[in-house]
file work-v6.pdb (PDB, C-alpha atoms)
MODEL        1
ATOM      1  CA  MET A   1     -61.550  28.937  96.106
ATOM      2  CA  SER A   2     -60.164  27.339  99.139
ATOM      3  CA  ARG A   3     -56.554  28.114  99.889
ATOM      4  CA  THR A   4     -54.979  24.723 100.123
ATOM      5  CA  ARG A   5     -51.808  23.389  98.636
ATOM      6  CA  TYR A   6     -52.111  20.486  96.329
ATOM      7  CA  ARG A   7     -49.731  17.619  96.651
ATOM      8  CA  PHE A   8     -49.748  15.086  93.930
ATOM      9  CA  GLY A   9     -47.644  11.976  93.691
ATOM     10  CA  ASP A  10     -46.048  11.117  90.404
ATOM     11  CA  GLU A  11     -47.089  13.747  87.843
ATOM     12  CA  HIS A  12     -46.919  11.209  85.050
ATOM     13  CA  TYR A  13     -49.905   9.291  86.405
ATOM     14  CA  PRO A  14     -53.455  10.592  86.042
ATOM     15  CA  HIS A  15     -55.177  11.900  89.161
ATOM     16  CA  PHE A  16     -58.904  11.891  89.909
ATOM     17  CA  MET A  17     -60.116  15.227  91.297
ATOM     18  CA  THR A  18     -63.416  16.546  92.587
ATOM     19  CA  GLN A  19     -64.265  20.176  93.192
ATOM     20  CA  THR A  20     -67.539  21.343  94.693
ATOM     21  CA  ILE A  21     -69.325  24.659  94.934
ATOM     22  CA  VAL A  22     -69.425  26.064  98.446
ATOM     23  CA  ALA A  23     -72.752  25.179 100.100
ATOM     24  CA  TRP A  24     -73.512  22.851  97.177
ATOM     25  CA  LEU A  25     -75.367  25.563  95.266
ATOM     26  CA  PRO A  26     -76.537  24.500  91.757
ATOM     27  CA  VAL A  27     -74.328  27.008  89.947
ATOM     28  CA  PHE A  28     -73.536  24.785  86.967
ATOM     29  CA  SER A  29     -77.183  24.636  85.933
ATOM     30  CA  GLN A  30     -76.348  27.849  84.039
ATOM     31  CA  PRO A  31     -74.742  27.121  80.641
ATOM     32  CA  ASP A  32     -72.599  30.289  80.735
ATOM     33  CA  LEU A  33     -70.848  29.112  83.886
ATOM     34  CA  VAL A  34     -70.300  25.631  82.460
ATOM     35  CA  ASN A  35     -68.673  27.226  79.403
ATOM     36  CA  ILE A  36     -66.242  29.038  81.700
ATOM     37  CA  VAL A  37     -65.140  25.715  83.201
ATOM     38  CA  LEU A  38     -64.739  24.192  79.736
ATOM     39  CA  ALA A  39     -62.692  27.183  78.542
ATOM     40  CA  SER A  40     -60.495  26.835  81.626
ATOM     41  CA  TRP A  41     -59.821  23.194  80.884
ATOM     42  CA  ARG A  42     -59.089  23.972  77.224
ATOM     43  CA  PHE A  43     -56.519  26.542  78.347
ATOM     44  CA  LEU A  44     -54.850  24.012  80.655
ATOM     45  CA  GLN A  45     -54.624  21.558  77.792
ATOM     46  CA  ARG A  46     -53.406  24.020  75.189
ATOM     47  CA  GLU A  47     -51.081  26.262  77.220
ATOM     48  CA  ARG A  48     -50.060  24.271  80.294
ATOM     49  CA  ALA A  49     -49.617  20.735  78.865
ATOM     50  CA  ILE A  50     -52.238  19.199  81.148
ATOM     51  CA  VAL A  51     -53.865  16.082  79.750
ATOM     52  CA  ILE A  52     -57.532  15.744  80.670
ATOM     53  CA  LEU A  53     -58.654  12.166  80.252
ATOM     54  CA  GLY A  54     -62.242  12.525  81.387
ATOM     55  CA  TRP A  55     -64.621  14.904  83.100
ATOM     56  CA  VAL A  56     -68.196  15.384  84.217
ATOM     57  CA  ILE A  57     -69.904  18.585  85.355
ATOM     58  CA  LEU A  58     -72.953  18.269  87.600
ATOM     59  CA  GLU A  59     -75.085  21.103  88.999
ATOM     60  CA  ASN A  60     -72.990  21.701  92.107
ATOM     61  CA  HIS A  61     -69.691  19.915  91.579
ATOM     62  CA  LEU A  62     -67.383  18.494  88.964
ATOM     63  CA  HIS A  63     -65.048  15.547  88.575
ATOM     64  CA  TRP A  64     -62.086  15.240  86.280
ATOM     65  CA  ILE A  65     -59.068  13.084  85.590
ATOM     66  CA  GLY A  66     -55.891  14.889  84.660
ATOM     67  CA  ALA A  67     -52.138  14.490  84.415
ATOM     68  CA  GLY A  68     -49.237  16.726  83.561
ATOM     69  CA  PRO A  69     -46.365  18.822  84.841
ATOM     70  CA  GLN A  70     -46.976  20.861  87.999
ATOM     71  CA  LEU A  71     -50.494  19.474  88.298
ATOM     72  CA  GLY A  72     -51.013  20.868  91.805
ATOM     73  CA  LYS A  73     -50.174  24.377  90.670
ATOM     74  CA  ARG A  74     -52.364  24.039  87.590
ATOM     75  CA  VAL A  75     -55.361  22.895  89.641
ATOM     76  CA  GLY A  76     -54.974  26.002  91.799
ATOM     77  CA  GLN A  77     -54.847  28.183  88.697
ATOM     78  CA  PHE A  78     -57.894  26.435  87.256
ATOM     79  CA  LYS A  79     -59.896  27.063  90.404
ATOM     80  CA  SER A  80     -58.816  30.691  90.736
ATOM     81  CA  PHE A  81     -59.526  31.535  87.095
ATOM     82  CA  THR A  82     -62.898  29.773  87.192
ATOM     83  CA  GLN A  83     -63.916  31.612  90.348
ATOM     84  CA  HIS A  84     -63.092  35.056  89.001
ATOM     85  CA  ARG A  85     -64.672  34.521  85.588
ATOM     86  CA  SER A  86     -67.825  33.001  87.105
ATOM     87  CA  SER A  87     -68.209  35.846  89.573
ATOM     88  CA  ASN A  88     -67.783  38.430  86.831
ATOM     89  CA  ALA A  89     -70.249  36.652  84.537
ATOM     90  CA  CYS A  90     -72.870  36.561  87.259
ATOM     91  CA  LYS A  91     -72.412  40.264  88.010
ATOM     92  CA  LYS A  92     -72.542  41.263  84.321
ATOM     93  CA  LYS A  93     -75.754  39.391  83.666
ATOM     94  CA  GLU A  94     -77.257  40.801  86.849
ATOM     95  CA  GLN A  95     -78.701  37.428  87.655
ATOM     96  CA  ARG A  96     -80.508  38.389  90.803
ATOM     97  CA  ARG A  97     -81.494  34.879  91.797
ATOM     98  CA  CYS A  98     -77.985  33.532  91.240
ATOM     99  CA  CYS A  99     -76.411  36.441  93.062
ATOM    100  CA  ARG A 100     -78.830  36.216  95.976
ATOM    101  CA  ASN A 101     -78.067  32.514  96.333
ATOM    102  CA  LEU A 102     -74.349  33.212  96.194
ATOM    103  CA  ARG A 103     -74.516  35.735  99.013
ATOM    104  CA  ILE A 104     -73.595  39.024  97.391
ATOM    105  CA  THR A 105     -71.918  41.593  99.576
ATOM    106  CA  ASN A 106     -71.406  45.063  98.100
ATOM    107  CA  CYS A 107     -71.710  43.729  94.542
ATOM    108  CA  GLY A 108     -68.986  41.162  95.164
ATOM    109  CA  ILE A 109     -69.761  37.478  95.043
ATOM    110  CA  ARG A 110     -67.756  35.628  97.603
ATOM    111  CA  SER A 111     -69.185  32.140  97.471
ATOM    112  CA  ILE A 112     -68.729  31.007  93.895
ATOM    113  CA  ARG A 113     -65.785  28.932  94.958
ATOM    114  CA  LEU A 114     -64.648  25.484  94.046
ATOM    115  CA  ILE A 115     -63.296  23.489  96.927
ATOM    116  CA  ASN A 116     -61.561  20.163  96.809
ATOM    117  CA  SER A 117     -63.560  17.404  98.340
ATOM    118  CA  GLY A 118     -62.917  13.740  98.778
ATOM    119  CA  ARG A 119     -59.570  12.134  98.253
ATOM    120  CA  LYS A 120     -57.293  12.586  95.331
ATOM    121  CA  GLY A 121     -56.437   9.279  93.808
ATOM    122  CA  VAL A 122     -53.720   8.200  91.460
ATOM    123  CA  ILE A 123     -54.816   6.042  88.570
ATOM    124  CA  ARG A 124     -52.057   3.671  87.559
ATOM    125  CA  LYS A 125     -51.862   1.809  84.294
TER     126      LYS A 125
ENDMDL
END
call {"tool": "encode", "arguments": {"input": "work-v6.pdb", "output": "structure tokens"}}
result
Amino acid sequence: MSRTRYRFGDEHYPHFMTQTIVAWLPVFSQPDLVNIVLASWRFLQRERAIVILGWVILENHLHWIGAGPQLGKRVGQFKSFTQHRSSNACKKKEQRRCCRNLRITNCGIRSIRLINSGRKGVIRK
């Protein structure tokens, strides 16, 4: 995950966000990794009071619209959690092709990272 700070305007308005996989690798073509993203979003909704109004997951990036308290912090947590779980899942399954594409170094995947791309936009009612 890239180490940037997220600054969002009014937390009460929904924000459109895009995160991409480093080097645009088609990581989300694997259902297990998509399920990790979905579980992450469910956690944000259930435990962190984030409202997710819409989302789409493509092979190498995802888009979502969310609102809620401390949204910037929650996006960082989402990305961090997703990175760690995805890396662990890939190592456990010993998916050689996936791991080779994600540049394994000493059994540690370093490139399954979501980075913010594009502009964040506020959607006003």
call {"tool": "resolve_selection", "arguments": {"input": "work-v6.pdb", "expression": "the PyMOL selection byres ((chain A and resi 47-54) around 9)", "output": "PyMOL selection string"}}
result
chain A and resi 14+41-46+55-56+63-71+74
call {"tool": "closest_residue", "arguments": {"input": "work-v6.pdb", "among": "A:Lys92, A:Val37, A:Asn60, A:Met17", "to": "Ser80 in chain A", "atoms": "only C-alpha atoms"}}
result
A:Val37
call {"tool": "atom_distance", "arguments": {"input": "work-v6.pdb", "atom1": "CA of Gln83 in chain A", "atom2": "CA of Leu38 in chain A"}}
result
13.0 Å
call {"tool": "atom_distance", "arguments": {"input": "work-v6.pdb", "atom1": "CA of Phe81 in chain A", "atom2": "CA of Ala39 in chain A"}}
result
10.1 Å
call {"tool": "atom_distance", "arguments": {"input": "work-v6.pdb", "atom1": "CA of Pro31 in chain A", "atom2": "CA of Arg85 in chain A"}}
result
13.4 Å
call {"tool": "closest_residue", "arguments": {"input": "work-v6.pdb", "among": "A:Val75, A:Cys90, A:Ser29, A:Leu58", "to": "Phe16 in chain A", "atoms": "all atoms listed in the file"}}
result
A:Val75
call {"tool": "axis_aligned_box", "arguments": {"input": "work-v6.pdb", "around": "range 28-31 of chain A", "padding_each_side": "4 Å", "output": "AutoDock Vina command-line options"}}
result
--center_x -75.4 --center_y 26.2 --center_z 83.8 --size_x 11.6 --size_y 11.2 --size_z 14.3
call {"tool": "residues_around", "arguments": {"input": "work-v6.pdb", "residues": "Ser86 in chain A", "least_positions_apart": "4", "cutoff": "8 Å", "atoms": "only C-alpha atoms", "output": "JSON, numbers by chain"}}
result
{"A": [33, 36, 82, 90, 112]}
call {"tool": "closest_residue", "arguments": {"input": "work-v6.pdb", "among": "A:Thr18, A:Ala89, A:Glu11, A:Gly76", "to": "Val34 in chain A", "atoms": "all atoms listed in the file"}}
result
A:Ala89
call {"tool": "build_atoms", "arguments": {"input": "work-v6.pdb", "residues": "range 24-35 of chain A", "atoms": "all heavy atoms", "output": "PDB file, in the frame of the given file"}}
result
ATOM      1  N   TRP A  24     -72.880  23.730  98.171  1.00  0.00           N
ATOM      2  CA  TRP A  24     -73.512  22.851  97.177  1.00  0.00           C
ATOM      3  C   TRP A  24     -74.606  23.558  96.373  1.00  0.00           C
ATOM      4  O   TRP A  24     -75.620  22.977  96.032  1.00  0.00           O
ATOM      5  CB  TRP A  24     -74.056  21.594  97.852  1.00  0.00           C
ATOM      6  CG  TRP A  24     -72.965  20.695  98.312  1.00  0.00           C
ATOM      7  CD1 TRP A  24     -72.300  20.768  99.503  1.00  0.00           C
ATOM      8  CD2 TRP A  24     -72.375  19.617  97.605  1.00  0.00           C
ATOM      9  NE1 TRP A  24     -71.337  19.789  99.572  1.00  0.00           N
ATOM     10  CE2 TRP A  24     -71.371  19.059  98.413  1.00  0.00           C
ATOM     11  CE3 TRP A  24     -72.606  19.049  96.356  1.00  0.00           C
ATOM     12  CZ2 TRP A  24     -70.588  17.986  98.021  1.00  0.00           C
ATOM     13  CZ3 TRP A  24     -71.827  17.969  95.963  1.00  0.00           C
ATOM     14  CH2 TRP A  24     -70.834  17.451  96.792  1.00  0.00           C
ATOM     15  N   LEU A  25     -74.392  24.819  96.065  1.00  0.00           N
ATOM     16  CA  LEU A  25     -75.367  25.563  95.266  1.00  0.00           C
ATOM     17  C   LEU A  25     -75.336  25.078  93.817  1.00  0.00           C
ATOM     18  O   LEU A  25     -74.266  24.781  93.286  1.00  0.00           O
ATOM     19  CB  LEU A  25     -75.066  27.060  95.327  1.00  0.00           C
ATOM     20  CG  LEU A  25     -75.159  27.680  96.712  1.00  0.00           C
ATOM     21  CD1 LEU A  25     -74.644  29.108  96.682  1.00  0.00           C
ATOM     22  CD2 LEU A  25     -76.581  27.636  97.214  1.00  0.00           C
ATOM     23  N   PRO A  26     -76.482  25.025  93.127  1.00  0.00           N
ATOM     24  CA  PRO A  26     -76.537  24.500  91.757  1.00  0.00           C
ATOM     25  C   PRO A  26     -76.090  25.519  90.701  1.00  0.00           C
ATOM     26  O   PRO A  26     -76.818  25.872  89.786  1.00  0.00           O
ATOM     27  CB  PRO A  26     -78.013  24.133  91.594  1.00  0.00           C
ATOM     28  CG  PRO A  26     -78.722  25.097  92.476  1.00  0.00           C
ATOM     29  CD  PRO A  26     -77.807  25.309  93.661  1.00  0.00           C
ATOM     30  N   VAL A  27     -74.867  25.963  90.821  1.00  0.00           N
ATOM     31  CA  VAL A  27     -74.328  27.008  89.947  1.00  0.00           C
ATOM     32  C   VAL A  27     -74.184  26.526  88.503  1.00  0.00           C
ATOM     33  O   VAL A  27     -74.448  27.266  87.558  1.00  0.00           O
ATOM     34  CB  VAL A  27     -72.961  27.481  90.492  1.00  0.00           C
ATOM     35  CG1 VAL A  27     -72.259  28.388  89.516  1.00  0.00           C
ATOM     36  CG2 VAL A  27     -73.165  28.187  91.816  1.00  0.00           C
ATOM     37  N   PHE A  28     -73.798  25.277  88.318  1.00  0.00           N
ATOM     38  CA  PHE A  28     -73.536  24.785  86.967  1.00  0.00           C
ATOM     39  C   PHE A  28     -74.801  24.412  86.206  1.00  0.00           C
ATOM     40  O   PHE A  28     -74.730  23.813  85.140  1.00  0.00           O
ATOM     41  CB  PHE A  28     -72.562  23.611  87.010  1.00  0.00           C
ATOM     42  CG  PHE A  28     -71.200  23.988  87.514  1.00  0.00           C
ATOM     43  CD1 PHE A  28     -70.593  23.251  88.502  1.00  0.00           C
ATOM     44  CD2 PHE A  28     -70.536  25.091  87.016  1.00  0.00           C
ATOM     45  CE1 PHE A  28     -69.346  23.595  88.980  1.00  0.00           C
ATOM     46  CE2 PHE A  28     -69.295  25.450  87.480  1.00  0.00           C
ATOM     47  CZ  PHE A  28     -68.686  24.695  88.471  1.00  0.00           C
ATOM     48  N   SER A  29     -75.959  24.800  86.705  1.00  0.00           N
ATOM     49  CA  SER A  29     -77.183  24.636  85.933  1.00  0.00           C
ATOM     50  C   SER A  29     -77.296  25.760  84.902  1.00  0.00           C
ATOM     51  O   SER A  29     -78.156  25.736  84.045  1.00  0.00           O
ATOM     52  CB  SER A  29     -78.404  24.618  86.849  1.00  0.00           C
ATOM     53  OG  SER A  29     -78.496  25.812  87.573  1.00  0.00           O
ATOM     54  N   GLN A  30     -76.382  26.739  84.987  1.00  0.00           N
ATOM     55  CA  GLN A  30     -76.348  27.849  84.039  1.00  0.00           C
ATOM     56  C   GLN A  30     -75.282  27.578  82.974  1.00  0.00           C
ATOM     57  O   GLN A  30     -74.097  27.462  83.290  1.00  0.00           O
ATOM     58  CB  GLN A  30     -76.034  29.149  84.770  1.00  0.00           C
ATOM     59  CG  GLN A  30     -77.063  29.479  85.828  1.00  0.00           C
ATOM     60  CD  GLN A  30     -76.674  30.706  86.600  1.00  0.00           C
ATOM     61  OE1 GLN A  30     -76.066  31.621  86.066  1.00  0.00           O
ATOM     62  NE2 GLN A  30     -77.014  30.725  87.880  1.00  0.00           N
ATOM     63  N   PRO A  31     -75.680  27.468  81.716  1.00  0.00           N
ATOM     64  CA  PRO A  31     -74.742  27.121  80.641  1.00  0.00           C
ATOM     65  C   PRO A  31     -73.533  28.055  80.543  1.00  0.00           C
ATOM     66  O   PRO A  31     -72.435  27.613  80.223  1.00  0.00           O
ATOM     67  CB  PRO A  31     -75.593  27.195  79.372  1.00  0.00           C
ATOM     68  CG  PRO A  31     -76.988  26.993  79.843  1.00  0.00           C
ATOM     69  CD  PRO A  31     -77.049  27.586  81.222  1.00  0.00           C
ATOM     70  N   ASP A  32     -73.721  29.345  80.825  1.00  0.00           N
ATOM     71  CA  ASP A  32     -72.599  30.289  80.735  1.00  0.00           C
ATOM     72  C   ASP A  32     -71.481  29.908  81.711  1.00  0.00           C
ATOM     73  O   ASP A  32     -70.296  30.028  81.388  1.00  0.00           O
ATOM     74  CB  ASP A  32     -73.056  31.713  81.047  1.00  0.00           C
ATOM     75  CG  ASP A  32     -73.990  32.259  79.989  1.00  0.00           C
ATOM     76  OD1 ASP A  32     -74.064  31.678  78.890  1.00  0.00           O
ATOM     77  OD2 ASP A  32     -74.655  33.275  80.265  1.00  0.00           O
ATOM     78  N   LEU A  33     -71.856  29.468  82.894  1.00  0.00           N
ATOM     79  CA  LEU A  33     -70.848  29.112  83.886  1.00  0.00           C
ATOM     80  C   LEU A  33     -70.174  27.779  83.549  1.00  0.00           C
ATOM     81  O   LEU A  33     -68.985  27.600  83.818  1.00  0.00           O
ATOM     82  CB  LEU A  33     -71.468  29.088  85.276  1.00  0.00           C
ATOM     83  CG  LEU A  33     -72.076  30.425  85.721  1.00  0.00           C
ATOM     84  CD1 LEU A  33     -72.641  30.326  87.126  1.00  0.00           C
ATOM     85  CD2 LEU A  33     -71.064  31.547  85.646  1.00  0.00           C
ATOM     86  N   VAL A  34     -70.901  26.884  82.927  1.00  0.00           N
ATOM     87  CA  VAL A  34     -70.300  25.631  82.460  1.00  0.00           C
ATOM     88  C   VAL A  34     -69.281  25.931  81.368  1.00  0.00           C
ATOM     89  O   VAL A  34     -68.191  25.354  81.338  1.00  0.00           O
ATOM     90  CB  VAL A  34     -71.380  24.655  81.957  1.00  0.00           C
ATOM     91  CG1 VAL A  34     -70.747  23.445  81.287  1.00  0.00           C
ATOM     92  CG2 VAL A  34     -72.282  24.220  83.093  1.00  0.00           C
ATOM     93  N   ASN A  35     -69.605  26.858  80.472  1.00  0.00           N
ATOM     94  CA  ASN A  35     -68.673  27.226  79.403  1.00  0.00           C
ATOM     95  C   ASN A  35     -67.381  27.819  79.948  1.00  0.00           C
ATOM     96  O   ASN A  35     -66.316  27.653  79.352  1.00  0.00           O
ATOM     97  CB  ASN A  35     -69.337  28.197  78.425  1.00  0.00           C
ATOM     98  CG  ASN A  35     -70.357  27.496  77.558  1.00  0.00           C
ATOM     99  OD1 ASN A  35     -70.241  26.305  77.276  1.00  0.00           O
ATOM    100  ND2 ASN A  35     -71.377  28.225  77.152  1.00  0.00           N
TER     101      ASN A  35
END
